[in-house]
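*Asks:* Here you go, one structure.
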Protein chains: 2
Amino acid sequence: MNRLYHYPLSPYSRKVRLALAEKRIEVELVEERYWEQDLDFLRRNPAGQVPVLRLNGKTLADSQAICEYLEETVPAPPLFPRDPDGRYEVRRLCAWFDGKFHAEVTKRLMGERVFKKLRGGGVPDSQAVKAGARDIKYHLGYMTHLLETRRWLGGNDMTLADFAAAAQLSCLDYVSDVPWDKYESVKDWYAKIKSRPAFRSLLADQVPGFRPAAHYADLDF
Amino acid sequence: MNRLYHYPLSPYSRKVRLALAEKRIEVELVEERYWEQDLDFLRRNPAGQVPVLRLNGKTLADSQAICEYLEETVPAPPLFPRDPDGRYEVRRLCAWFDGKFHAEVTKRLMGERVFKKLRGGGVPDSQAVKAGARDIKYHLGYMTHLLETRRWLGGNDMTLADFAAAAQLSCLDYVSDVPWDKYESVKDWYAKIKSRPAFRSLLADQVPGFRPAAHYADLDF
């Protein structure tokens, strides 16, 4: 049986869950409290991070490397355009959300208020939370700018760039940290992606000690 | 004329310089003090990071997205294997060095002792420097482990994984932060990659205020 070692509020786990579901690759989800650095888990991925995918006897780590591998081995439906320019843009945006958005927003908001509590690491750093709440506006503004000329973030088709972005935003939305109402086009984009069958398993996630926001699983939020 | 906006001690700039040189794509190097967030530069790359490549009229950002684009548009010589498993491993290792190695080692050592000074940001955080000096040993150990069964880091051919690793290590080597002598097989690997023509331009780099270590440009270090 294929398995995904993941954590429900890990955006990188969510990105891979979305890619797997879109490509209809069934996996058993195994929750991994990766910060506890269990030795069996470190053997699977010496980087000590989720997600880790067991697929046809292989062990794969790093969300972007996994998604590129899935695209090469299970091409349909495609999550990248076919032309190099389009593929470049999708990869640039995956790096944007996985790297910059995560560091400036998700890590500050979720890291301080959720993961610190889960790991027993003390009170949130209010400066970091404030900076995250400020920077999410810049990012939602940038997404608005992209969506002015495109149907999806990476172009006119849905791609892995949309999953990378939705993976981050859906974690933040679980704890109600996204000011949707001020960013109509981003909200419309998120409603579209949220209503895909691939999204269902994310909307059913529950993390003990953190109840999802009332609108979290609502397709008509 | 093609241009690369870069910074000499930016490992991501170096990774792209190595890929460009290996593929014999000539570019004019333009030094960019990216932390000053010049408006013209931000127009080129809203992420505000180097490298940024101007290639045949296009503007490209993010080192991994750039290298994947180069591989797709200028396939020879290849920097990725042809099979999906091999390509996965190269991408996993690029993410390892670009992400984990950088965060745990380069950012702590170079960030505290070089970039803080360049940006006028005060004295180095000695805790961070200590943690970086500790963690580089773990990473050199991991590289040793990989090189026990492979000629190059990603497999038996030289790939982008080697450039990603050499880009980080060559920056650290500029300021003499790599304990080569305790890691013979990593040292041998670095000697091999350092002697490639693609490496020459990196070995000629000079950063005012920071003289390179005596052995930095020495092929027989």
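Residues are referred to by chain and number: the chain letter is A, B, ... according to the order shown in the structure tokens, the number counts from 1 in that chain, and ligands are numbered separately from 1 in the order shown.
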Show which residues sit within 9 Å of A:Glu89, as a PDB file with N, CA, C and O atoms, in the first residue's frame. Count only C-alpha atoms, and ignore same-chain residues fewer than 2 positions away.
*Replies:*
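The resulting file, out_8.pdb, is reproduced below:
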ATOM      1  N   PRO A  84       8.329  25.262 -22.009  1.00  0.00           N
ATOM      2  CA  PRO A  84       9.319  25.640 -20.993  1.00  0.00           C
ATOM      3  C   PRO A  84       9.013  26.980 -20.306  1.00  0.00           C
ATOM      4  O   PRO A  84       9.242  27.113 -19.101  1.00  0.00           O
ATOM      5  N   ASP A  85       8.469  27.963 -21.048  1.00  0.00           N
ATOM      6  CA  ASP A  85       8.165  29.241 -20.411  1.00  0.00           C
ATOM      7  C   ASP A  85       7.081  29.076 -19.344  1.00  0.00           C
ATOM      8  O   ASP A  85       7.172  29.638 -18.252  1.00  0.00           O
ATOM      9  N   GLY A  86       6.061  28.317 -19.699  1.00  0.00           N
ATOM     10  CA  GLY A  86       4.974  28.076 -18.752  1.00  0.00           C
ATOM     11  C   GLY A  86       5.446  27.258 -17.558  1.00  0.00           C
ATOM     12  O   GLY A  86       5.065  27.519 -16.413  1.00  0.00           O
ATOM     13  N   ARG A  87       6.287  26.282 -17.813  1.00  0.00           N
ATOM     14  CA  ARG A  87       6.815  25.436 -16.735  1.00  0.00           C
ATOM     15  C   ARG A  87       7.693  26.266 -15.804  1.00  0.00           C
ATOM     16  O   ARG A  87       7.654  26.109 -14.583  1.00  0.00           O
ATOM     17  N   ARG A  91       7.146  26.837 -11.757  1.00  0.00           N
ATOM     18  CA  ARG A  91       8.208  26.544 -10.774  1.00  0.00           C
ATOM     19  C   ARG A  91       8.599  27.785  -9.975  1.00  0.00           C
ATOM     20  O   ARG A  91       8.865  27.710  -8.787  1.00  0.00           O
ATOM     21  N   ARG A  92       8.650  28.926 -10.640  1.00  0.00           N
ATOM     22  CA  ARG A  92       8.957  30.171  -9.927  1.00  0.00           C
ATOM     23  C   ARG A  92       7.914  30.404  -8.830  1.00  0.00           C
ATOM     24  O   ARG A  92       8.249  30.755  -7.697  1.00  0.00           O
ATOM     25  N   LEU A  93       6.649  30.182  -9.171  1.00  0.00           N
ATOM     26  CA  LEU A  93       5.598  30.448  -8.189  1.00  0.00           C
ATOM     27  C   LEU A  93       5.563  29.391  -7.081  1.00  0.00           C
ATOM     28  O   LEU A  93       5.273  29.722  -5.928  1.00  0.00           O
ATOM     29  N   CYS A  94       5.870  28.153  -7.404  1.00  0.00           N
ATOM     30  CA  CYS A  94       5.980  27.144  -6.336  1.00  0.00           C
ATOM     31  C   CYS A  94       7.056  27.576  -5.339  1.00  0.00           C
ATOM     32  O   CYS A  94       6.857  27.523  -4.126  1.00  0.00           O
ATOM     33  N   GLY A 154      -0.656  30.356 -12.227  1.00  0.00           N
ATOM     34  CA  GLY A 154       0.480  30.154 -13.117  1.00  0.00           C
ATOM     35  C   GLY A 154       0.151  30.388 -14.580  1.00  0.00           C
ATOM     36  O   GLY A 154       1.038  30.313 -15.435  1.00  0.00           O
ATOM     37  N   GLY A 155      -1.095  30.646 -14.906  1.00  0.00           N
ATOM     38  CA  GLY A 155      -1.506  30.822 -16.305  1.00  0.00           C
ATOM     39  C   GLY A 155      -2.993  30.553 -16.442  1.00  0.00           C
ATOM     40  O   GLY A 155      -3.739  30.695 -15.470  1.00  0.00           O
ATOM     41  N   ALA A 161       1.335  25.384  -9.141  1.00  0.00           N
ATOM     42  CA  ALA A 161       1.466  26.690  -8.476  1.00  0.00           C
ATOM     43  C   ALA A 161       0.220  26.985  -7.638  1.00  0.00           C
ATOM     44  O   ALA A 161       0.311  27.537  -6.529  1.00  0.00           O
TER      45      ALA A 161
ATOM     46  N   LEU B  60      14.116  36.000 -15.683  1.00  0.00           N
ATOM     47  CA  LEU B  60      13.867  34.764 -14.924  1.00  0.00           C
ATOM     48  C   LEU B  60      14.440  34.864 -13.521  1.00  0.00           C
ATOM     49  O   LEU B  60      15.560  35.351 -13.335  1.00  0.00           O
ATOM     50  N   ALA B  65      14.214  27.232 -10.513  1.00  0.00           N
ATOM     51  CA  ALA B  65      13.347  27.414 -11.690  1.00  0.00           C
ATOM     52  C   ALA B  65      14.193  27.807 -12.907  1.00  0.00           C
ATOM     53  O   ALA B  65      13.951  27.347 -14.027  1.00  0.00           O
TER      54      ALA B  65
END
*Asks:* If we count only C-alpha atoms, what is near stretch 2-12 of chain B at a cut-off of 7 Å, once residues fewer than 6 positions away on the same chain are taken out, given as a ChimeraX atom specification?
*Replies:* /B:27-33,50-56,63,167-168,171,205
*Asks:* With all heavy atoms retained, export the selected residues as a short mmCIF file (atom, residue, chain, number, x, y, z; two decimals), in the first residue's frame.
*Replies:*
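Final output, saved to out_38.cif:
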data_model
loop_
_atom_site.label_atom_id
_atom_site.label_comp_id
_atom_site.auth_asym_id
_atom_site.auth_seq_id
_atom_site.Cartn_x
_atom_site.Cartn_y
_atom_site.Cartn_z
N VAL B 27 26.95 35.20 -20.38
CA VAL B 27 26.17 36.29 -19.79
C VAL B 27 27.12 37.36 -19.26
O VAL B 27 28.25 37.06 -18.89
CB VAL B 27 25.29 35.82 -18.60
CG1 VAL B 27 24.22 34.85 -19.06
CG2 VAL B 27 26.14 35.21 -17.48
N GLU B 28 26.61 38.57 -19.25
CA GLU B 28 27.32 39.64 -18.57
C GLU B 28 26.91 39.59 -17.10
O GLU B 28 25.71 39.50 -16.80
CB GLU B 28 26.89 40.98 -19.20
CG GLU B 28 27.55 42.20 -18.59
CD GLU B 28 26.83 43.48 -19.04
OE1 GLU B 28 25.87 43.39 -19.83
OE2 GLU B 28 27.22 44.56 -18.58
N LEU B 29 27.89 39.61 -16.21
CA LEU B 29 27.56 39.58 -14.78
C LEU B 29 27.36 41.01 -14.27
O LEU B 29 28.22 41.87 -14.46
CB LEU B 29 28.68 38.92 -13.99
CG LEU B 29 28.86 37.41 -14.17
CD1 LEU B 29 30.06 36.92 -13.36
CD2 LEU B 29 27.60 36.66 -13.74
N VAL B 30 26.23 41.26 -13.63
CA VAL B 30 25.97 42.57 -13.04
C VAL B 30 25.79 42.37 -11.54
O VAL B 30 24.88 41.64 -11.11
CB VAL B 30 24.67 43.18 -13.63
CG1 VAL B 30 24.40 44.55 -13.01
CG2 VAL B 30 24.78 43.29 -15.15
N GLU B 31 26.66 42.99 -10.77
CA GLU B 31 26.57 42.81 -9.33
C GLU B 31 25.40 43.59 -8.76
O GLU B 31 25.21 44.76 -9.09
CB GLU B 31 27.89 43.26 -8.68
CG GLU B 31 27.97 42.82 -7.24
CD GLU B 31 29.35 43.11 -6.63
OE1 GLU B 31 30.37 42.82 -7.28
OE2 GLU B 31 29.37 43.64 -5.51
N GLU B 32 24.61 42.95 -7.95
CA GLU B 32 23.40 43.56 -7.41
C GLU B 32 23.43 43.45 -5.89
O GLU B 32 23.43 42.34 -5.35
CB GLU B 32 22.18 42.80 -7.97
CG GLU B 32 20.84 43.33 -7.57
CD GLU B 32 20.53 44.69 -8.18
OE1 GLU B 32 20.69 44.86 -9.40
OE2 GLU B 32 20.13 45.59 -7.40
N ARG B 33 23.48 44.59 -5.23
CA ARG B 33 23.39 44.56 -3.76
C ARG B 33 21.90 44.45 -3.43
O ARG B 33 21.25 45.42 -3.06
CB ARG B 33 24.03 45.82 -3.19
CG ARG B 33 25.55 45.87 -3.48
CD ARG B 33 26.14 47.24 -3.16
NE ARG B 33 26.08 47.56 -1.75
CZ ARG B 33 27.02 47.24 -0.86
NH1 ARG B 33 28.08 46.59 -1.24
NH2 ARG B 33 26.89 47.58 0.40
N VAL B 50 18.57 37.67 -5.53
CA VAL B 50 19.41 37.25 -6.65
C VAL B 50 19.45 35.73 -6.65
O VAL B 50 19.24 35.12 -5.59
CB VAL B 50 20.85 37.81 -6.54
CG1 VAL B 50 20.88 39.27 -6.86
CG2 VAL B 50 21.47 37.52 -5.18
N PRO B 51 19.74 35.09 -7.79
CA PRO B 51 20.01 35.69 -9.10
C PRO B 51 18.74 36.01 -9.88
O PRO B 51 17.68 35.42 -9.64
CB PRO B 51 20.76 34.56 -9.81
CG PRO B 51 20.12 33.32 -9.26
CD PRO B 51 19.84 33.63 -7.82
N VAL B 52 18.90 36.96 -10.82
CA VAL B 52 17.87 37.21 -11.83
C VAL B 52 18.58 37.13 -13.18
O VAL B 52 19.63 37.75 -13.37
CB VAL B 52 17.24 38.60 -11.65
CG1 VAL B 52 16.33 38.93 -12.83
CG2 VAL B 52 16.44 38.65 -10.35
N LEU B 53 18.01 36.37 -14.09
CA LEU B 53 18.64 36.18 -15.40
C LEU B 53 17.82 36.85 -16.49
O LEU B 53 16.61 36.64 -16.58
CB LEU B 53 18.74 34.66 -15.68
CG LEU B 53 19.36 34.23 -17.02
CD1 LEU B 53 20.81 34.66 -17.13
CD2 LEU B 53 19.24 32.70 -17.17
N ARG B 54 18.51 37.70 -17.28
CA ARG B 54 17.88 38.24 -18.50
C ARG B 54 18.41 37.39 -19.63
O ARG B 54 19.61 37.40 -19.93
CB ARG B 54 18.30 39.69 -18.74
CG ARG B 54 17.60 40.70 -17.90
CD ARG B 54 16.19 40.98 -18.32
NE ARG B 54 16.07 41.53 -19.67
CZ ARG B 54 14.92 41.66 -20.31
NH1 ARG B 54 13.78 41.26 -19.77
NH2 ARG B 54 14.89 42.18 -21.51
N LEU B 55 17.53 36.62 -20.27
CA LEU B 55 17.97 35.67 -21.29
C LEU B 55 17.04 35.77 -22.49
O LEU B 55 15.83 35.52 -22.37
CB LEU B 55 17.94 34.25 -20.71
CG LEU B 55 18.53 33.14 -21.58
CD1 LEU B 55 20.06 33.27 -21.66
CD2 LEU B 55 18.17 31.76 -20.99
N ASN B 56 17.60 36.16 -23.62
CA ASN B 56 16.80 36.30 -24.86
C ASN B 56 15.53 37.11 -24.63
O ASN B 56 14.45 36.71 -25.05
CB ASN B 56 16.45 34.91 -25.41
CG ASN B 56 17.69 34.04 -25.58
OD1 ASN B 56 18.77 34.56 -25.89
ND2 ASN B 56 17.55 32.75 -25.37
N SER B 63 16.64 30.33 -8.42
CA SER B 63 17.75 29.55 -9.00
C SER B 63 17.31 28.18 -9.52
O SER B 63 17.75 27.75 -10.58
CB SER B 63 18.88 29.40 -7.98
OG SER B 63 18.54 28.48 -6.96
N ALA B 167 28.00 25.35 -4.66
CA ALA B 167 27.68 26.78 -4.56
C ALA B 167 27.69 27.21 -3.09
O ALA B 167 28.25 28.25 -2.73
CB ALA B 167 26.31 27.05 -5.19
N GLN B 168 27.09 26.40 -2.23
CA GLN B 168 27.08 26.73 -0.80
C GLN B 168 28.51 26.63 -0.24
O GLN B 168 28.99 27.54 0.43
CB GLN B 168 26.17 25.75 -0.02
CG GLN B 168 24.71 25.71 -0.47
CD GLN B 168 23.88 26.90 -0.01
OE1 GLN B 168 24.18 27.54 0.99
NE2 GLN B 168 22.84 27.22 -0.77
N CYS B 171 31.11 29.38 -1.15
CA CYS B 171 30.94 30.64 -0.40
C CYS B 171 31.60 30.50 0.98
O CYS B 171 32.31 31.40 1.43
CB CYS B 171 29.46 30.97 -0.22
SG CYS B 171 28.66 31.54 -1.72
N ASP B 205 36.30 35.69 -7.86
CA ASP B 205 35.46 36.67 -7.13
C ASP B 205 36.24 37.38 -6.03
O ASP B 205 37.09 36.77 -5.37
CB ASP B 205 34.27 35.95 -6.48
CG ASP B 205 33.13 35.73 -7.44
OD1 ASP B 205 33.16 36.30 -8.54
OD2 ASP B 205 32.20 34.98 -7.09
#
*Asks:* What's the 8 Å shell around B:Tyr183, counting only C-alpha atoms, without same-chain residues fewer than 4 positions away, as a PyMOL selection string?
*Replies:* chain B and resi 140-141+144+179+187
*Asks:* Output C-alpha atoms for every residue in the selection just made, as a PDB file, in the first residue's frame.
*Replies:*
ATOM      1  CA  LEU B 140      29.816  16.944   5.505  1.00  0.00           C
ATOM      2  CA  GLY B 141      29.140  13.586   7.143  1.00  0.00           C
ATOM      3  CA  THR B 144      30.574  11.481   2.872  1.00  0.00           C
ATOM      4  CA  PRO B 179      36.949  21.710   7.773  1.00  0.00           C
ATOM      5  CA  LYS B 187      37.468  17.214  -0.283  1.00  0.00           C
TER       6      LYS B 187
END
*Asks:* As a list in words, please: the residues near A:Asn156 (cut-off 10 Å, only C-alpha atoms, same-chain neighbours under 6 positions excluded).
*Replies:*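 What passes the distance filter is Pro81, Leu147, Thr149 and Arg150 of chain A.
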*Asks:* Please list as a PyMOL selection string every residue within 12 Å of B:Lys23, counting only C-alpha atoms and excluding residues in the same chain fewer than 2 positions away.
*Replies:* chain B and resi 16-21+25-27+67+70-79+159-160+197-198
*Asks:* Output N, CA and C atoms for every residue in that selection, as a PDB file, in the first residue's frame.
*Replies:*
ATOM      1  N   VAL B  16      23.580  29.141 -10.373  1.00  0.00           N
ATOM      2  CA  VAL B  16      23.174  29.484 -11.743  1.00  0.00           C
ATOM      3  C   VAL B  16      24.399  29.809 -12.602  1.00  0.00           C
ATOM      4  N   ARG B  17      25.407  30.468 -12.039  1.00  0.00           N
ATOM      5  CA  ARG B  17      26.633  30.748 -12.809  1.00  0.00           C
ATOM      6  C   ARG B  17      27.284  29.454 -13.268  1.00  0.00           C
ATOM      7  N   LEU B  18      27.314  28.452 -12.383  1.00  0.00           N
ATOM      8  CA  LEU B  18      27.902  27.162 -12.750  1.00  0.00           C
ATOM      9  C   LEU B  18      27.093  26.493 -13.868  1.00  0.00           C
ATOM     10  N   ALA B  19      25.769  26.528 -13.741  1.00  0.00           N
ATOM     11  CA  ALA B  19      24.918  25.902 -14.766  1.00  0.00           C
ATOM     12  C   ALA B  19      25.085  26.608 -16.113  1.00  0.00           C
ATOM     13  N   LEU B  20      25.116  27.942 -16.098  1.00  0.00           N
ATOM     14  CA  LEU B  20      25.289  28.709 -17.338  1.00  0.00           C
ATOM     15  C   LEU B  20      26.639  28.389 -17.981  1.00  0.00           C
ATOM     16  N   ALA B  21      27.699  28.387 -17.167  1.00  0.00           N
ATOM     17  CA  ALA B  21      29.043  28.161 -17.710  1.00  0.00           C
ATOM     18  C   ALA B  21      29.160  26.743 -18.258  1.00  0.00           C
ATOM     19  N   ILE B  25      26.565  29.157 -21.901  1.00  0.00           N
ATOM     20  CA  ILE B  25      25.696  30.292 -22.210  1.00  0.00           C
ATOM     21  C   ILE B  25      26.394  31.527 -21.650  1.00  0.00           C
ATOM     22  N   GLU B  26      26.790  32.429 -22.539  1.00  0.00           N
ATOM     23  CA  GLU B  26      27.532  33.601 -22.068  1.00  0.00           C
ATOM     24  C   GLU B  26      26.594  34.665 -21.527  1.00  0.00           C
ATOM     25  N   VAL B  27      26.947  35.201 -20.380  1.00  0.00           N
ATOM     26  CA  VAL B  27      26.167  36.291 -19.787  1.00  0.00           C
ATOM     27  C   VAL B  27      27.120  37.358 -19.262  1.00  0.00           C
ATOM     28  N   CYS B  67      17.418  26.998 -13.413  1.00  0.00           N
ATOM     29  CA  CYS B  67      18.214  25.843 -13.858  1.00  0.00           C
ATOM     30  C   CYS B  67      17.353  24.803 -14.576  1.00  0.00           C
ATOM     31  N   LEU B  70      16.834  26.230 -18.016  1.00  0.00           N
ATOM     32  CA  LEU B  70      18.036  26.064 -18.840  1.00  0.00           C
ATOM     33  C   LEU B  70      18.141  24.628 -19.333  1.00  0.00           C
ATOM     34  N   GLU B  71      17.860  23.686 -18.456  1.00  0.00           N
ATOM     35  CA  GLU B  71      17.947  22.271 -18.836  1.00  0.00           C
ATOM     36  C   GLU B  71      16.953  21.939 -19.961  1.00  0.00           C
ATOM     37  N   GLU B  72      15.761  22.547 -19.887  1.00  0.00           N
ATOM     38  CA  GLU B  72      14.744  22.251 -20.910  1.00  0.00           C
ATOM     39  C   GLU B  72      15.023  22.939 -22.235  1.00  0.00           C
ATOM     40  N   THR B  73      15.697  24.096 -22.185  1.00  0.00           N
ATOM     41  CA  THR B  73      15.897  24.852 -23.418  1.00  0.00           C
ATOM     42  C   THR B  73      17.298  24.685 -24.013  1.00  0.00           C
ATOM     43  N   VAL B  74      18.267  24.347 -23.174  1.00  0.00           N
ATOM     44  CA  VAL B  74      19.641  24.089 -23.653  1.00  0.00           C
ATOM     45  C   VAL B  74      20.075  22.746 -23.055  1.00  0.00           C
ATOM     46  N   PRO B  75      19.605  21.631 -23.637  1.00  0.00           N
ATOM     47  CA  PRO B  75      19.780  20.331 -22.972  1.00  0.00           C
ATOM     48  C   PRO B  75      21.241  19.853 -22.826  1.00  0.00           C
ATOM     49  N   ALA B  76      22.157  20.367 -23.659  1.00  0.00           N
ATOM     50  CA  ALA B  76      23.527  19.827 -23.595  1.00  0.00           C
ATOM     51  C   ALA B  76      24.513  20.832 -23.002  1.00  0.00           C
ATOM     52  N   PRO B  77      25.432  20.358 -22.157  1.00  0.00           N
ATOM     53  CA  PRO B  77      25.459  19.030 -21.561  1.00  0.00           C
ATOM     54  C   PRO B  77      24.378  18.916 -20.475  1.00  0.00           C
ATOM     55  N   PRO B  78      23.842  17.724 -20.262  1.00  0.00           N
ATOM     56  CA  PRO B  78      22.742  17.584 -19.297  1.00  0.00           C
ATOM     57  C   PRO B  78      23.200  17.775 -17.857  1.00  0.00           C
ATOM     58  N   LEU B  79      22.361  18.399 -17.053  1.00  0.00           N
ATOM     59  CA  LEU B  79      22.636  18.553 -15.619  1.00  0.00           C
ATOM     60  C   LEU B  79      21.679  17.729 -14.766  1.00  0.00           C
ATOM     61  N   THR B 159      25.813  16.371 -11.708  1.00  0.00           N
ATOM     62  CA  THR B 159      24.489  16.956 -11.965  1.00  0.00           C
ATOM     63  C   THR B 159      24.354  18.291 -11.232  1.00  0.00           C
ATOM     64  N   LEU B 160      23.169  18.854 -11.375  1.00  0.00           N
ATOM     65  CA  LEU B 160      22.872  20.107 -10.679  1.00  0.00           C
ATOM     66  C   LEU B 160      23.007  19.964  -9.161  1.00  0.00           C
ATOM     67  N   PRO B 197      36.343  24.096 -15.805  1.00  0.00           N
ATOM     68  CA  PRO B 197      36.381  25.463 -16.342  1.00  0.00           C
ATOM     69  C   PRO B 197      35.215  26.320 -15.837  1.00  0.00           C
ATOM     70  N   ALA B 198      34.040  25.697 -15.630  1.00  0.00           N
ATOM     71  CA  ALA B 198      32.862  26.458 -15.169  1.00  0.00           C
ATOM     72  C   ALA B 198      33.094  27.139 -13.828  1.00  0.00           C
TER      73      ALA B 198
END
*Asks:* Provide the atom CA of A:Ser201 to atom CA of A:Ser13 distance in Å, to one decimal place.
*Replies:*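 Going from atom CA of A:Ser201 over to atom CA of A:Ser13 covers 11.9 Å.
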*Asks:* Considering only alpha helix (DSSP H) as DSSP defines it on the backbone, what residues of stretch 108-219 of chain B qualify? List them as a ChimeraX atom specification.
*Replies:* /B:108-110,116-118,126-147,160-174,184-194,200-203
*Asks:* When you look at stretch 110-114 of chain B with a cut-off of 8 Å (counting only C-alpha atoms), what residues show up, excluding the ones that are within fewer than 2 positions of it in the same chain? I need them as a PDB file with N, CA and C atoms, in the first residue's frame.
*Replies:*
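The result, stored in selection_34.pdb:
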ATOM      1  N   THR B 106      25.062  27.873   5.928  1.00  0.00           N
ATOM      2  CA  THR B 106      25.489  29.083   5.217  1.00  0.00           C
ATOM      3  C   THR B 106      24.888  30.349   5.824  1.00  0.00           C
ATOM      4  N   LYS B 107      23.586  30.297   6.095  1.00  0.00           N
ATOM      5  CA  LYS B 107      22.917  31.483   6.630  1.00  0.00           C
ATOM      6  C   LYS B 107      23.501  31.872   7.992  1.00  0.00           C
ATOM      7  N   ARG B 108      23.836  30.865   8.776  1.00  0.00           N
ATOM      8  CA  ARG B 108      24.371  31.158  10.105  1.00  0.00           C
ATOM      9  C   ARG B 108      25.807  31.682  10.024  1.00  0.00           C
ATOM     10  N   LYS B 116      25.867  40.485   7.606  1.00  0.00           N
ATOM     11  CA  LYS B 116      25.544  41.463   8.637  1.00  0.00           C
ATOM     12  C   LYS B 116      26.458  42.676   8.509  1.00  0.00           C
ATOM     13  N   LYS B 117      27.737  42.433   8.242  1.00  0.00           N
ATOM     14  CA  LYS B 117      28.704  43.524   8.103  1.00  0.00           C
ATOM     15  C   LYS B 117      28.416  44.324   6.826  1.00  0.00           C
ATOM     16  N   LEU B 118      28.153  43.604   5.739  1.00  0.00           N
ATOM     17  CA  LEU B 118      27.881  44.289   4.471  1.00  0.00           C
ATOM     18  C   LEU B 118      26.652  45.204   4.590  1.00  0.00           C
ATOM     19  N   VAL B 123      26.924  43.320  15.256  1.00  0.00           N
ATOM     20  CA  VAL B 123      27.863  42.221  15.537  1.00  0.00           C
ATOM     21  C   VAL B 123      27.217  40.854  15.278  1.00  0.00           C
ATOM     22  N   PRO B 124      28.056  39.880  14.893  1.00  0.00           N
ATOM     23  CA  PRO B 124      27.530  38.531  14.654  1.00  0.00           C
ATOM     24  C   PRO B 124      26.954  37.918  15.930  1.00  0.00           C
ATOM     25  N   ASP B 125      25.901  37.140  15.774  1.00  0.00           N
ATOM     26  CA  ASP B 125      25.301  36.392  16.874  1.00  0.00           C
ATOM     27  C   ASP B 125      26.145  35.123  17.070  1.00  0.00           C
ATOM     28  N   ALA B 128      24.536  31.663  16.827  1.00  0.00           N
ATOM     29  CA  ALA B 128      24.215  31.215  15.471  1.00  0.00           C
ATOM     30  C   ALA B 128      25.477  30.697  14.781  1.00  0.00           C
ATOM     31  N   VAL B 129      26.580  31.427  14.957  1.00  0.00           N
ATOM     32  CA  VAL B 129      27.847  31.007  14.338  1.00  0.00           C
ATOM     33  C   VAL B 129      28.266  29.638  14.871  1.00  0.00           C
ATOM     34  N   CYS B 171      31.108  29.377  -1.146  1.00  0.00           N
ATOM     35  CA  CYS B 171      30.942  30.637  -0.398  1.00  0.00           C
ATOM     36  C   CYS B 171      31.600  30.505   0.976  1.00  0.00           C
ATOM     37  N   LEU B 172      31.344  29.378   1.636  1.00  0.00           N
ATOM     38  CA  LEU B 172      31.937  29.162   2.964  1.00  0.00           C
ATOM     39  C   LEU B 172      33.454  29.049   2.869  1.00  0.00           C
ATOM     40  N   PHE B 210      36.431  41.690   2.460  1.00  0.00           N
ATOM     41  CA  PHE B 210      36.594  40.274   2.816  1.00  0.00           C
ATOM     42  C   PHE B 210      37.570  39.629   1.843  1.00  0.00           C
TER      43      PHE B 210
END
*Asks:* How far is it from atom CA of B:Phe199 to atom CA of B:His139, in Å with one decimal?
*Replies:*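 Here the two named atoms are 21.9 Å from each other.
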*Asks:* Return the single residue from B:Gly132, B:Gly122, B:Gly57, B:Pro46 that is closest to chain A, with distances computed using only C-alpha atoms.
*Replies:*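 For chain A, the nearest of the given residues is B:Pro46.
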*Asks:* Can you tell me, as a ChimeraX atom specification, which residues in stretch 19-182 of chain B count as strand (DSSP E) by DSSP?
*Replies:* /B:28-31,52-55,58-61
*Asks:* Nearest to chain A among B:His215, B:Lys100, B:Arg200, B:Lys15, with distances taken over only C-alpha atoms: which residue is it?
*Replies:*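 Residue with the minimum atom-to-atom distance to chain A: B:Lys100.
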